[in-house]
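Colleague: My structure file work_14.tsv, TSV, C-alpha atoms and all ligand atoms, is below:
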chain	number	residue	atom	x	y	z
B	1	MET	CA	-33.32	48.90	-47.19
B	2	LEU	CA	-30.16	49.77	-45.32
B	3	PRO	CA	-29.48	53.48	-44.68
B	4	ALA	CA	-26.29	53.20	-46.77
B	5	GLN	CA	-28.26	51.77	-49.72
B	6	GLN	CA	-30.87	54.52	-49.30
B	7	ALA	CA	-28.16	57.19	-49.43
B	8	LEU	CA	-26.64	55.60	-52.56
B	9	LEU	CA	-30.03	55.53	-54.26
B	10	ARG	CA	-30.64	59.20	-53.34
B	11	GLN	CA	-27.26	60.12	-54.83
B	12	LYS	CA	-28.08	58.23	-58.07
B	13	PHE	CA	-31.42	60.08	-58.33
B	14	LEU	CA	-29.66	63.38	-57.81
B	15	VAL	CA	-27.08	62.69	-60.55
B	16	LEU	CA	-29.68	61.40	-63.02
B	17	GLY	CA	-32.02	64.29	-62.18
B	18	SER	CA	-29.27	66.89	-62.77
B	19	LEU	CA	-28.39	65.23	-66.06
B	20	ALA	CA	-32.04	65.30	-67.17
B	21	ILE	CA	-32.45	68.95	-66.18
B	22	GLY	CA	-29.15	69.87	-67.87
B	23	SER	CA	-30.19	68.18	-71.12
B	24	LEU	CA	-33.57	69.89	-70.99
B	25	LEU	CA	-31.96	73.30	-70.47
B	26	TYR	CA	-29.56	72.63	-73.37
B	27	LEU	CA	-32.45	71.73	-75.67
B	28	VAL	CA	-34.42	74.85	-74.69
B	29	ALA	CA	-31.38	77.04	-75.29
B	30	ARG	CA	-30.66	75.39	-78.63
B	31	VAL	CA	-34.22	75.78	-79.93
B	32	GLY	CA	-34.27	79.37	-78.61
B	33	SER	CA	-31.09	80.20	-80.47
B	34	LEU	CA	-32.61	78.95	-83.71
B	35	ASP	CA	-35.44	81.44	-83.25
B	36	ARG	CA	-33.04	84.30	-82.68
B	37	LEU	CA	-32.40	86.85	-85.39
B	38	GLN	CA	-29.76	85.53	-87.77
B	39	PRO	CA	-27.79	87.89	-90.01
B	40	ILE	CA	-29.34	87.78	-93.49
B	41	CYS	CA	-25.86	87.58	-94.92
B	42	SER	CA	-23.24	85.98	-92.75
B	43	VAL	CA	-19.83	87.62	-92.47
B	44	GLU	CA	-18.43	85.08	-94.96
B	45	SER	CA	-21.13	85.70	-97.50
B	46	ARG	CA	-20.50	89.43	-97.23
B	47	LEU	CA	-17.14	88.84	-98.88
B	48	ALA	CA	-16.81	88.35	-102.59
B	49	PRO	CA	-14.54	85.57	-103.86
B	50	ARG	CA	-11.72	87.65	-105.43
B	51	PRO	CA	-10.14	90.10	-104.99
B	52	LEU	CA	-12.45	90.90	-102.06
B	53	GLY	CA	-12.25	87.30	-100.91
B	54	GLN	CA	-8.89	88.04	-99.39
B	55	ILE	CA	-10.40	90.47	-96.95
B	56	LEU	CA	-10.30	88.82	-93.56
B	57	LEU	CA	-13.39	87.91	-91.64
B	58	ARG	CA	-12.53	90.45	-89.02
B	59	THR	CA	-12.49	93.35	-91.44
B	60	LEU	CA	-15.53	94.82	-89.80
B	61	GLN	CA	-13.83	94.85	-86.43
B	62	TYR	CA	-10.76	96.50	-87.90
B	63	LYS	CA	-12.99	99.08	-89.49
B	64	ARG	CA	-14.31	99.95	-86.08
B	65	GLY	CA	-10.99	100.87	-84.56
B	66	LEU	CA	-8.42	98.12	-84.46
B	67	ALA	CA	-7.28	98.93	-87.97
B	68	HIS	CA	-6.15	102.29	-86.72
B	69	GLU	CA	-3.84	100.67	-84.21
B	70	PRO	CA	-2.13	97.75	-85.92
B	71	HIS	CA	0.84	97.88	-83.56
B	72	ARG	CA	-1.30	96.51	-80.77
B	73	VAL	CA	-1.35	92.98	-82.10
B	74	ASN	CA	1.89	91.05	-82.37
B	75	GLY	CA	3.18	87.64	-83.17
B	76	THR	CA	-0.18	86.21	-84.24
B	77	GLN	CA	-1.74	85.28	-87.54
B	78	GLU	CA	-3.75	88.44	-87.20
B	79	GLN	CA	-0.58	90.45	-87.26
B	80	VAL	CA	0.34	88.92	-90.59
B	81	GLY	CA	-2.99	90.26	-91.86
B	82	LEU	CA	-2.58	93.60	-90.14
B	83	GLN	CA	0.91	94.08	-91.55
B	84	ARG	CA	-0.73	94.24	-94.95
B	85	LEU	CA	-2.71	97.26	-93.85
B	86	VAL	CA	-1.97	100.47	-95.69
B	87	GLN	CA	-3.11	104.06	-95.67
B	88	GLN	CA	-4.50	104.72	-99.10
B	89	LEU	CA	-5.48	107.96	-100.74
B	90	PRO	CA	-9.25	108.02	-101.29
B	91	HIS	CA	-10.61	106.19	-104.29
B	92	ALA	CA	-13.81	108.18	-103.98
B	93	ILE	CA	-14.75	111.42	-102.24
B	94	ILE	CA	-18.13	112.63	-101.07
B	95	ILE	CA	-17.59	116.25	-102.13
B	96	GLY	CA	-20.96	117.56	-100.88
B	97	VAL	CA	-23.44	118.95	-100.55
B	98	ARG	CA	-23.46	120.25	-97.00
B	99	LYS	CA	-26.68	119.12	-95.27
B	100	GLY	CA	-27.43	116.80	-98.14
B	101	GLY	CA	-26.90	113.73	-95.95
B	102	THR	CA	-23.14	113.43	-96.40
B	103	ARG	CA	-22.54	111.83	-92.99
B	104	ALA	CA	-25.36	109.31	-93.42
B	105	LEU	CA	-24.04	108.39	-96.85
B	106	LEU	CA	-20.48	107.88	-95.60
B	107	GLU	CA	-21.55	105.83	-92.58
B	108	MET	CA	-23.89	103.69	-94.66
B	109	LEU	CA	-21.24	103.02	-97.30
B	110	ASN	CA	-18.94	101.99	-94.49
B	111	LEU	CA	-21.29	99.04	-93.92
B	112	HIS	CA	-19.73	97.54	-97.03
B	113	PRO	CA	-16.84	95.23	-96.14
B	114	ALA	CA	-14.74	96.64	-98.98
B	115	VAL	CA	-15.17	100.27	-97.90
B	116	VAL	CA	-13.16	102.06	-95.26
B	117	LYS	CA	-14.08	105.60	-94.26
B	118	ALA	CA	-12.05	108.51	-93.01
B	119	SER	CA	-14.05	109.32	-89.88
B	120	GLN	CA	-13.27	113.02	-89.73
B	121	GLU	CA	-13.74	115.61	-92.43
B	122	ILE	CA	-10.15	116.15	-93.56
B	123	HIS	CA	-10.59	119.53	-95.34
B	124	PHE	CA	-7.42	118.97	-97.29
B	125	PHE	CA	-8.39	120.54	-100.59
B	126	ASP	CA	-10.47	123.48	-99.33
B	127	ASN	CA	-8.12	124.64	-96.59
B	128	ASP	CA	-4.98	126.35	-97.93
B	129	GLN	CA	-2.98	125.58	-94.79
B	130	ASN	CA	-3.80	121.86	-94.98
B	131	TYR	CA	-3.22	121.77	-98.71
B	132	ALA	CA	0.23	123.28	-98.25
B	133	ARG	CA	1.11	120.30	-96.03
B	134	GLY	CA	1.13	118.09	-99.11
B	135	VAL	CA	-0.43	114.87	-100.25
B	136	ASP	CA	1.55	112.71	-97.79
B	137	TRP	CA	-0.06	114.59	-94.94
B	138	TYR	CA	-3.41	113.84	-96.54
B	139	ARG	CA	-2.56	110.15	-96.89
B	140	GLN	CA	-1.57	109.99	-93.24
B	141	LYS	CA	-5.03	111.23	-92.31
B	142	MET	CA	-6.55	108.18	-93.99
B	143	PRO	CA	-7.59	105.07	-92.08
B	144	PHE	CA	-5.69	101.81	-92.41
B	145	SER	CA	-7.17	99.42	-94.91
B	146	PHE	CA	-6.34	96.28	-96.84
B	147	PRO	CA	-5.03	96.95	-100.33
B	148	GLN	CA	-8.21	95.47	-101.86
B	149	GLN	CA	-10.44	97.86	-99.93
B	150	ILE	CA	-11.37	101.32	-101.03
B	151	THR	CA	-11.06	104.43	-98.91
B	152	ILE	CA	-13.69	107.16	-98.88
B	153	GLU	CA	-13.60	110.56	-97.26
B	154	LYS	CA	-16.21	113.29	-97.08
B	155	SER	CA	-15.72	117.03	-96.81
B	156	PRO	CA	-18.85	118.82	-98.03
B	157	ALA	CA	-17.05	122.15	-98.30
B	158	TYR	CA	-15.22	120.76	-101.35
B	159	PHE	CA	-18.29	121.12	-103.55
B	160	ILE	CA	-18.54	124.90	-103.20
B	161	THR	CA	-14.87	125.87	-102.85
B	162	GLU	CA	-13.39	127.41	-105.97
B	163	GLU	CA	-9.91	125.82	-105.88
B	164	VAL	CA	-10.93	122.28	-105.02
B	165	PRO	CA	-11.71	120.70	-108.43
B	166	GLU	CA	-8.29	121.57	-109.82
B	167	ARG	CA	-6.52	120.36	-106.68
B	168	ILE	CA	-8.32	117.01	-106.67
B	169	PHE	CA	-7.69	116.64	-110.38
B	170	LYS	CA	-3.97	117.15	-109.80
B	171	MET	CA	-3.97	114.37	-107.20
B	172	ASN	CA	-6.07	111.85	-109.14
B	173	SER	CA	-7.80	112.77	-112.38
B	174	SER	CA	-9.82	109.52	-112.41
B	175	ILE	CA	-11.14	109.69	-108.84
B	176	LYS	CA	-14.84	108.96	-108.32
B	177	LEU	CA	-16.91	111.84	-107.00
B	178	LEU	CA	-20.12	111.51	-105.01
B	179	VAL	CA	-22.55	114.39	-104.64
B	180	ILE	CA	-25.58	113.96	-102.39
B	181	VAL	CA	-28.31	116.54	-102.90
B	182	ARG	CA	-31.65	117.37	-101.34
B	183	GLU	CA	-34.51	119.54	-102.52
B	184	PRO	CA	-32.69	122.91	-102.58
B	185	THR	CA	-35.07	124.92	-100.36
B	186	THR	CA	-35.15	122.19	-97.70
B	187	ARG	CA	-31.36	121.98	-97.84
B	188	ALA	CA	-31.06	125.76	-97.39
B	189	ILE	CA	-33.38	125.63	-94.35
B	190	SER	CA	-31.37	122.71	-92.94
B	191	ASP	CA	-28.19	124.74	-93.43
B	192	TYR	CA	-29.78	127.70	-91.64
B	193	THR	CA	-30.96	125.43	-88.79
B	194	GLN	CA	-27.41	124.19	-88.19
B	195	VAL	CA	-26.04	127.74	-87.97
B	196	LEU	CA	-28.97	128.82	-85.78
B	197	GLU	CA	-28.28	125.99	-83.35
B	198	GLY	CA	-24.61	127.03	-83.16
B	199	LYS	CA	-25.63	130.61	-82.31
B	200	GLU	CA	-28.14	129.47	-79.71
B	201	ARG	CA	-25.53	127.29	-78.06
B	202	LYS	CA	-23.42	130.43	-77.61
B	203	ASN	CA	-26.47	132.34	-76.34
B	204	LYS	CA	-26.39	134.55	-79.41
B	205	THR	CA	-29.44	135.81	-81.26
B	206	TYR	CA	-29.76	135.21	-84.99
B	207	HIS	CA	-31.92	136.50	-87.80
B	208	LYS	CA	-34.97	134.64	-88.98
B	209	PHE	CA	-34.46	132.55	-92.11
B	210	GLU	CA	-36.89	134.73	-94.05
B	211	LYS	CA	-34.80	137.84	-93.33
B	212	LEU	CA	-31.62	136.19	-94.58
B	213	ALA	CA	-33.08	134.49	-97.63
B	214	ILE	CA	-35.02	137.47	-98.99
B	215	ASP	CA	-33.41	140.81	-99.81
B	216	ALA	CA	-35.46	143.45	-97.96
B	217	ASN	CA	-34.75	146.10	-100.63
B	218	THR	CA	-35.71	144.15	-103.70
B	219	CYS	CA	-37.99	141.54	-102.11
B	220	GLU	CA	-36.15	139.03	-104.28
B	221	VAL	CA	-34.16	135.98	-103.21
B	222	ASN	CA	-30.89	137.04	-101.62
B	223	THR	CA	-28.24	135.29	-103.68
B	224	LYS	CA	-25.54	136.64	-101.38
B	225	TYR	CA	-26.83	134.40	-98.60
B	226	LYS	CA	-24.54	131.36	-98.51
B	227	ALA	CA	-27.30	128.87	-97.71
B	228	VAL	CA	-29.07	129.97	-100.89
B	229	ARG	CA	-25.92	129.95	-103.05
B	230	THR	CA	-24.95	126.45	-101.92
B	231	SER	CA	-28.32	125.14	-103.13
B	232	ILE	CA	-27.68	126.36	-106.70
B	233	TYR	CA	-26.17	122.97	-107.45
B	234	THR	CA	-25.69	123.47	-111.17
B	235	LYS	CA	-23.46	126.53	-110.69
B	236	HIS	CA	-21.03	124.57	-108.56
B	237	LEU	CA	-21.16	121.45	-110.67
B	238	GLU	CA	-20.32	123.44	-113.79
B	239	ARG	CA	-17.01	124.48	-112.20
B	240	TRP	CA	-16.21	120.83	-111.51
B	241	LEU	CA	-17.04	119.86	-115.06
B	242	LYS	CA	-14.14	121.99	-116.30
B	243	TYR	CA	-11.90	119.27	-114.84
B	244	PHE	CA	-13.89	116.04	-114.65
B	245	PRO	CA	-16.26	114.39	-117.13
B	246	VAL	CA	-19.82	113.99	-115.91
B	247	GLU	CA	-19.40	110.17	-115.83
B	248	GLN	CA	-17.01	110.58	-112.91
B	249	PHE	CA	-19.82	111.96	-110.73
B	250	HIS	CA	-22.60	110.06	-109.09
B	251	ILE	CA	-25.55	112.03	-107.80
B	252	VAL	CA	-27.22	110.61	-104.70
B	253	ASP	CA	-30.81	111.50	-103.82
B	254	GLY	CA	-30.47	112.68	-100.22
B	255	ASP	CA	-34.25	112.90	-99.71
B	256	ARG	CA	-34.62	109.25	-100.69
B	257	LEU	CA	-31.64	108.24	-98.57
B	258	ILE	CA	-33.66	109.42	-95.55
B	259	VAL	CA	-36.82	107.42	-96.27
B	260	ASP	CA	-35.53	104.44	-98.26
B	261	PRO	CA	-31.74	104.24	-98.13
B	262	LEU	CA	-31.06	100.81	-99.63
B	263	PRO	CA	-31.80	101.53	-103.32
B	264	GLU	CA	-29.64	104.66	-103.16
B	265	LEU	CA	-26.79	102.69	-101.60
B	266	GLN	CA	-27.09	99.99	-104.24
B	267	LEU	CA	-26.69	102.62	-106.95
B	268	VAL	CA	-23.54	103.84	-105.23
B	269	GLU	CA	-22.21	100.28	-104.98
B	270	GLN	CA	-22.66	99.99	-108.76
B	271	PHE	CA	-20.96	103.32	-109.37
B	272	LEU	CA	-18.01	102.30	-107.22
B	273	GLU	CA	-17.90	98.93	-109.01
B	274	LEU	CA	-18.34	97.08	-105.75
B	275	PRO	CA	-20.29	93.84	-105.40
B	276	SER	CA	-23.65	94.46	-103.78
B	277	ARG	CA	-23.12	93.72	-100.09
B	278	ILE	CA	-25.22	96.24	-98.17
B	279	SER	CA	-28.60	94.68	-97.47
B	280	GLN	CA	-31.85	95.58	-95.74
B	281	TYR	CA	-30.50	93.72	-92.70
B	282	ASN	CA	-27.88	96.48	-92.32
B	283	LEU	CA	-30.50	99.23	-92.13
B	284	TYR	CA	-33.34	99.42	-89.67
B	285	TYR	CA	-35.83	102.16	-89.00
B	286	ASN	CA	-35.64	103.62	-85.51
B	287	ALA	CA	-38.99	105.23	-84.68
B	288	THR	CA	-37.55	107.23	-81.76
B	289	ARG	CA	-34.90	108.80	-83.98
B	290	GLY	CA	-37.26	108.99	-86.96
B	291	PHE	CA	-34.40	107.80	-89.20
B	292	TYR	CA	-32.77	104.67	-90.44
B	293	CYS	CA	-29.94	103.39	-88.28
B	294	LEU	CA	-27.07	101.05	-89.11
B	295	ARG	CA	-26.66	97.42	-88.15
B	296	PHE	CA	-23.17	96.02	-88.74
B	297	ASN	CA	-23.86	92.61	-87.19
B	298	VAL	CA	-25.89	90.96	-84.42
B	299	VAL	CA	-24.06	92.84	-81.70
B	300	PHE	CA	-23.11	96.18	-83.22
B	301	SER	CA	-25.55	98.78	-84.45
B	302	LYS	CA	-25.71	102.56	-84.27
B	303	CYS	CA	-27.76	105.61	-85.20
B	304	LEU	CA	-26.29	108.90	-86.37
B	305	ALA	CA	-25.64	111.62	-83.79
B	306	GLY	CA	-28.48	113.86	-82.67
B	307	SER	CA	-27.01	116.74	-84.69
B	308	LYS	CA	-28.23	114.89	-87.78
B	309	GLY	CA	-31.96	115.25	-88.25
B	310	ARG	CA	-32.73	118.52	-86.53
B	311	ILE	CA	-36.26	119.91	-86.42
B	312	HIS	CA	-36.43	122.78	-88.89
B	313	PRO	CA	-38.14	126.05	-87.96
B	314	ASP	CA	-41.40	126.89	-89.74
B	315	VAL	CA	-40.72	129.18	-92.68
B	316	ASP	CA	-43.35	131.52	-94.17
B	317	PRO	CA	-44.99	129.59	-97.04
B	318	PRO	CA	-44.66	132.55	-99.51
B	319	VAL	CA	-40.91	132.63	-98.82
B	320	VAL	CA	-40.68	128.88	-99.40
B	321	ALA	CA	-42.62	129.30	-102.66
B	322	LYS	CA	-40.38	132.17	-103.77
B	323	LEU	CA	-37.27	130.14	-103.14
B	324	GLN	CA	-38.69	127.14	-104.96
B	325	ARG	CA	-39.48	129.33	-107.98
B	326	PHE	CA	-35.98	130.76	-107.81
B	327	PHE	CA	-34.28	127.36	-107.77
B	328	HIS	CA	-36.52	125.85	-110.46
B	329	PRO	CA	-34.50	126.83	-113.59
B	330	PHE	CA	-31.21	125.89	-111.91
B	331	ASN	CA	-32.69	122.52	-111.01
B	332	GLN	CA	-33.76	121.92	-114.61
B	333	LYS	CA	-30.22	122.57	-115.74
B	334	PHE	CA	-28.87	120.27	-113.03
B	335	TYR	CA	-31.16	117.43	-114.22
B	336	GLN	CA	-30.07	118.04	-117.78
B	337	ILE	CA	-26.37	117.91	-116.99
B	338	THR	CA	-26.43	114.98	-114.60
B	339	GLY	CA	-29.12	112.88	-116.25
B	340	ARG	CA	-30.80	112.45	-112.88
B	341	THR	CA	-34.23	114.02	-112.41
B	342	PHE	CA	-35.86	114.75	-109.09
B	343	ASN	CA	-39.44	115.66	-108.20
B	344	TRP	CA	-38.41	119.04	-106.87
B	345	PRO	CA	-40.96	121.83	-107.31
B	401	LIG	P1	-31.51	117.65	-91.17
B	401	LIG	O1	-30.74	117.89	-89.93
B	401	LIG	O2	-31.89	118.87	-91.88
B	401	LIG	O3	-32.68	116.73	-91.00
B	401	LIG	P2	-25.07	116.26	-93.48
B	401	LIG	O4	-24.55	114.99	-92.88
B	401	LIG	O5	-24.61	116.45	-94.89
B	401	LIG	O6	-24.85	117.43	-92.59
B	401	LIG	O7	-26.63	116.08	-93.62
B	401	LIG	C1	-27.50	116.06	-92.51
B	401	LIG	C2	-28.81	115.50	-92.95
B	401	LIG	O8	-28.71	114.10	-93.14
B	401	LIG	C3	-29.90	115.67	-91.93
B	401	LIG	O9	-30.52	116.89	-92.20
B	401	LIG	C4	-30.79	114.45	-92.13
B	401	LIG	O10	-32.06	114.77	-92.63
B	401	LIG	C5	-30.04	113.64	-93.17
B	401	LIG	N1	-30.05	112.20	-92.94
B	401	LIG	C6	-30.13	111.27	-93.93
B	401	LIG	N2	-30.16	110.06	-93.44
B	401	LIG	C7	-30.06	110.17	-92.10
B	401	LIG	C8	-30.03	109.22	-91.04
B	401	LIG	N3	-30.11	107.92	-91.28
B	401	LIG	N4	-29.94	109.68	-89.77
B	401	LIG	C9	-29.86	111.01	-89.54
B	401	LIG	N5	-29.89	111.96	-90.51
B	401	LIG	C10	-29.98	111.55	-91.78
As a first step, turn the structure in this file into structure tokens.

Modeller:
Amino acid sequence: MLPAQQALLRQKFLVLGSLAIGSLLYLVARVGSLDRLQPICSVESRLAPRPLGQILLRTLQYKRGLAHEPHRVNGTQEQVGLQRLVQQLPHAIIIGVRKGGTRALLEMLNLHPAVVKASQEIHFFDNDQNYARGVDWYRQKMPFSFPQQITIEKSPAYFITEEVPERIFKMNSSIKLLVIVREPTTRAISDYTQVLEGKERKNKTYHKFEKLAIDANTCEVNTKYKAVRTSIYTKHLERWLKYFPVEQFHIVDGDRLIVDPLPELQLVEQFLELPSRISQYNLYYNATRGFYCLRFNVVFSKCLAGSKGRIHPDVDPPVVAKLQRFFHPFNQKFYQITGRTFNWP
């Protein structure tokens, strides 16, 4: 064989060999991709036909930032969609309870394609200065959303602040109100732990929980201590019931939201009259965090900040028992009013 023919043959082998290797690599990649985790519900299937069907596929991306800056996109089809974005007053408010799991609830509801959250606590109704700025100021604090979506904000101070029920009623008497509660003694200790951490950060000393929660003179529960008062859920709810019927409230079990969030979220979806869209795929347990974290899609997932899920200090068991006895009758009343019973001691 002539050297020229040999070179031609070598070239042919090289081309055919590369083609064979390329095809093989393609096949391996293709089969591999089939094995990869697929979203249980695709973005399309997360959208209901109508009116939610009009929500664009990229809603989730908008919800994570772009929606707040619609001016960035121009001249495209997307802009047509973005121009329909509006800042809506909340359709539902998580009014409390502080340390009940309000942030987790808001973030988890935000997994729903029809829900848009106000990221910050707005403190419109509990802060006189903010309230004096008027309802347009409040609206401007809301995220952009499509008209078919619902906006939710959370400010746990609302639940315990005297003036708030009347103020919310004046804005929207048919608004939906979400209250997330935890076993009252645990909630009080969680509340204390948050304050304690704040003091420690400033190198300040702070009393022990036992000293604050029990009146040294009477040896009874100190009802002047805010962390105790906040846990008397029925007292606060009764003030709200002067303005809103009980049907306008939905009580969320914050203890269950920690260990098994999906059923609690499904109850909220029903209450908000939303199609069920949050699935187990959206929630995964993170052993390092010791909590459920959120999965929006194959690429985007997140856990709550480290300030959520603090380790509580040990509290003297007799003090815990005393507090539990103290809360018991208030809890009974709370169950009676709300129609939701918990296994609290
Ligand atoms: P602890 O810090 O006592 O554990 P809030 O957001 O109202 O301040 O509530 C904080 C509480 O949310 C935390 O209280 C934590 O237990 C609870 N929580 C519920 N689900 C959570 C989650 N997925 N990740 C982190 N914390 C969660």

Colleague: Pick out the residues sitting within 12 Å of segment 127-142 of chain B, and hand them over as a ChimeraX atom specification; count only C-alpha atoms, and ignore anything fewer than 4 positions along from it in its own chain.

Modeller: /B:67-68,85-91,116-123,150-155,157-158,161-164,167-168,170-172

Colleague: Which one of B:Val195, B:Met108, B:Ser173, B:Arg103 sits closest to His312 of chain B if you count only C-alpha atoms?

Modeller: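 Closest to His312 of chain B of all the choices is B:Val195.
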
Colleague: What does the list of residues within 7 Å of ligand LIG 401 (chain B) look like if you count only C-alpha atoms and all ligand atoms, written as a PyMOL selection string?

Modeller: chain B and resi 97-104+156+187+190+254+257-258+291-293+303-304+307-312

Colleague: Have a look at B:Leu106, B:Ala188, B:Leu212, B:Leu241 and name the one nearest to Ala227 of chain B; count only C-alpha atoms.

Modeller: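 So, comparing all the options, the nearest one is B:Ala188.
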
Colleague: By how many Å are atom CA of Lys211 of chain B and atom CA of Ile95 of chain B apart?

Modeller: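 Rounded to one decimal, the two atoms are 29.0 Å apart.
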
Colleague: Which is closest to Leu237 of chain B among B:Lys333, B:Arg277, B:Arg84, B:His112, if we use all atoms listed in the file?

Modeller: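 Nearest to Leu237 of chain B: B:Lys333.
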
Colleague: Which residue, B:Arg325, B:Gln194, B:Asn282, B:Asn297, has the smallest gap to Leu109 of chain B when you use all atoms listed in the file?

Modeller: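 Closest to Leu109 of chain B of all the choices is B:Asn282.
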
Colleague: Which residue out of B:Gln270, B:Thr186, B:Gln83, B:Gln148 has the minimum interatomic distance to Ala321 of chain B when all atoms listed in the file are used?

Modeller: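 Among the listed residues, the smallest separation from Ala321 of chain B belongs to B:Thr186.
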
Colleague: Choose the residue, out of B:Asp126, B:Gly339, B:Asp215, B:Ser276, that has the smallest atom-to-atom separation from Lys322 of chain B; count only C-alpha atoms.

Modeller: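 Nearest to Lys322 of chain B: B:Asp215.
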
Colleague: Please compute the atom CA of Glu210 of chain B-atom CA of Gln332 of chain B distance, one decimal, in Å.

Modeller: 24.4 Å

Colleague: Could you work out how far atom CA of Phe159 of chain B lies from atom CA of Asp316 of chain B, giving the answer in Å with one decimal?

Modeller: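 These two atoms are separated by 28.7 Å.
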
Colleague: Considering only C-alpha atoms, return as a PyMOL selection string whatever protein or nucleic-acid residues lie within 12 Å of His328 of chain B, sequence-local ones (same chain, fewer than 2 positions apart) excluded.

Modeller: chain B and resi 183-185+231-234+321-326+330-335+342-345

Colleague: Output requested as a compact mmCIF listing (two decimals), keeping the file's coordinate frame - segment 113-129 of chain B, filled out with N, CA and C atoms.

Modeller:
# COMPACT_ATOMS: atom_id res chain seq x y z
N PRO B 113 -18.13 95.74 -96.64
CA PRO B 113 -16.84 95.23 -96.14
C PRO B 113 -15.64 95.72 -96.94
N ALA B 114 -15.87 96.19 -98.16
CA ALA B 114 -14.74 96.64 -98.98
C ALA B 114 -14.51 98.14 -98.87
N VAL B 115 -15.30 98.81 -98.03
CA VAL B 115 -15.17 100.27 -97.90
C VAL B 115 -14.63 100.63 -96.53
N VAL B 116 -13.68 101.54 -96.52
CA VAL B 116 -13.16 102.06 -95.26
C VAL B 116 -13.29 103.58 -95.30
N LYS B 117 -13.82 104.14 -94.25
CA LYS B 117 -14.08 105.60 -94.26
C LYS B 117 -13.07 106.37 -93.43
N ALA B 118 -12.79 107.57 -93.86
CA ALA B 118 -12.05 108.51 -93.01
C ALA B 118 -13.11 109.13 -92.09
N SER B 119 -12.96 108.91 -90.79
CA SER B 119 -14.05 109.32 -89.88
C SER B 119 -14.26 110.82 -89.84
N GLN B 120 -13.15 111.55 -89.82
CA GLN B 120 -13.27 113.02 -89.73
C GLN B 120 -13.30 113.64 -91.12
N GLU B 121 -13.87 114.85 -91.19
CA GLU B 121 -13.74 115.61 -92.43
C GLU B 121 -12.30 116.12 -92.47
N ILE B 122 -11.58 115.83 -93.55
CA ILE B 122 -10.15 116.15 -93.56
C ILE B 122 -9.90 117.61 -93.99
N HIS B 123 -10.76 118.14 -94.85
CA HIS B 123 -10.59 119.53 -95.34
C HIS B 123 -9.20 119.76 -95.89
N PHE B 124 -8.75 118.82 -96.71
CA PHE B 124 -7.42 118.97 -97.29
C PHE B 124 -7.45 119.93 -98.48
N PHE B 125 -8.41 119.77 -99.35
CA PHE B 125 -8.39 120.54 -100.59
C PHE B 125 -9.00 121.94 -100.46
N ASP B 126 -9.83 122.17 -99.44
CA ASP B 126 -10.47 123.48 -99.33
C ASP B 126 -9.76 124.40 -98.33
N ASN B 127 -8.81 123.83 -97.59
CA ASN B 127 -8.12 124.64 -96.59
C ASN B 127 -6.67 124.83 -97.03
N ASP B 128 -6.31 126.07 -97.34
CA ASP B 128 -4.98 126.35 -97.93
C ASP B 128 -3.85 125.85 -97.03
N GLN B 129 -4.02 126.02 -95.74
CA GLN B 129 -2.98 125.58 -94.79
C GLN B 129 -2.79 124.06 -94.86
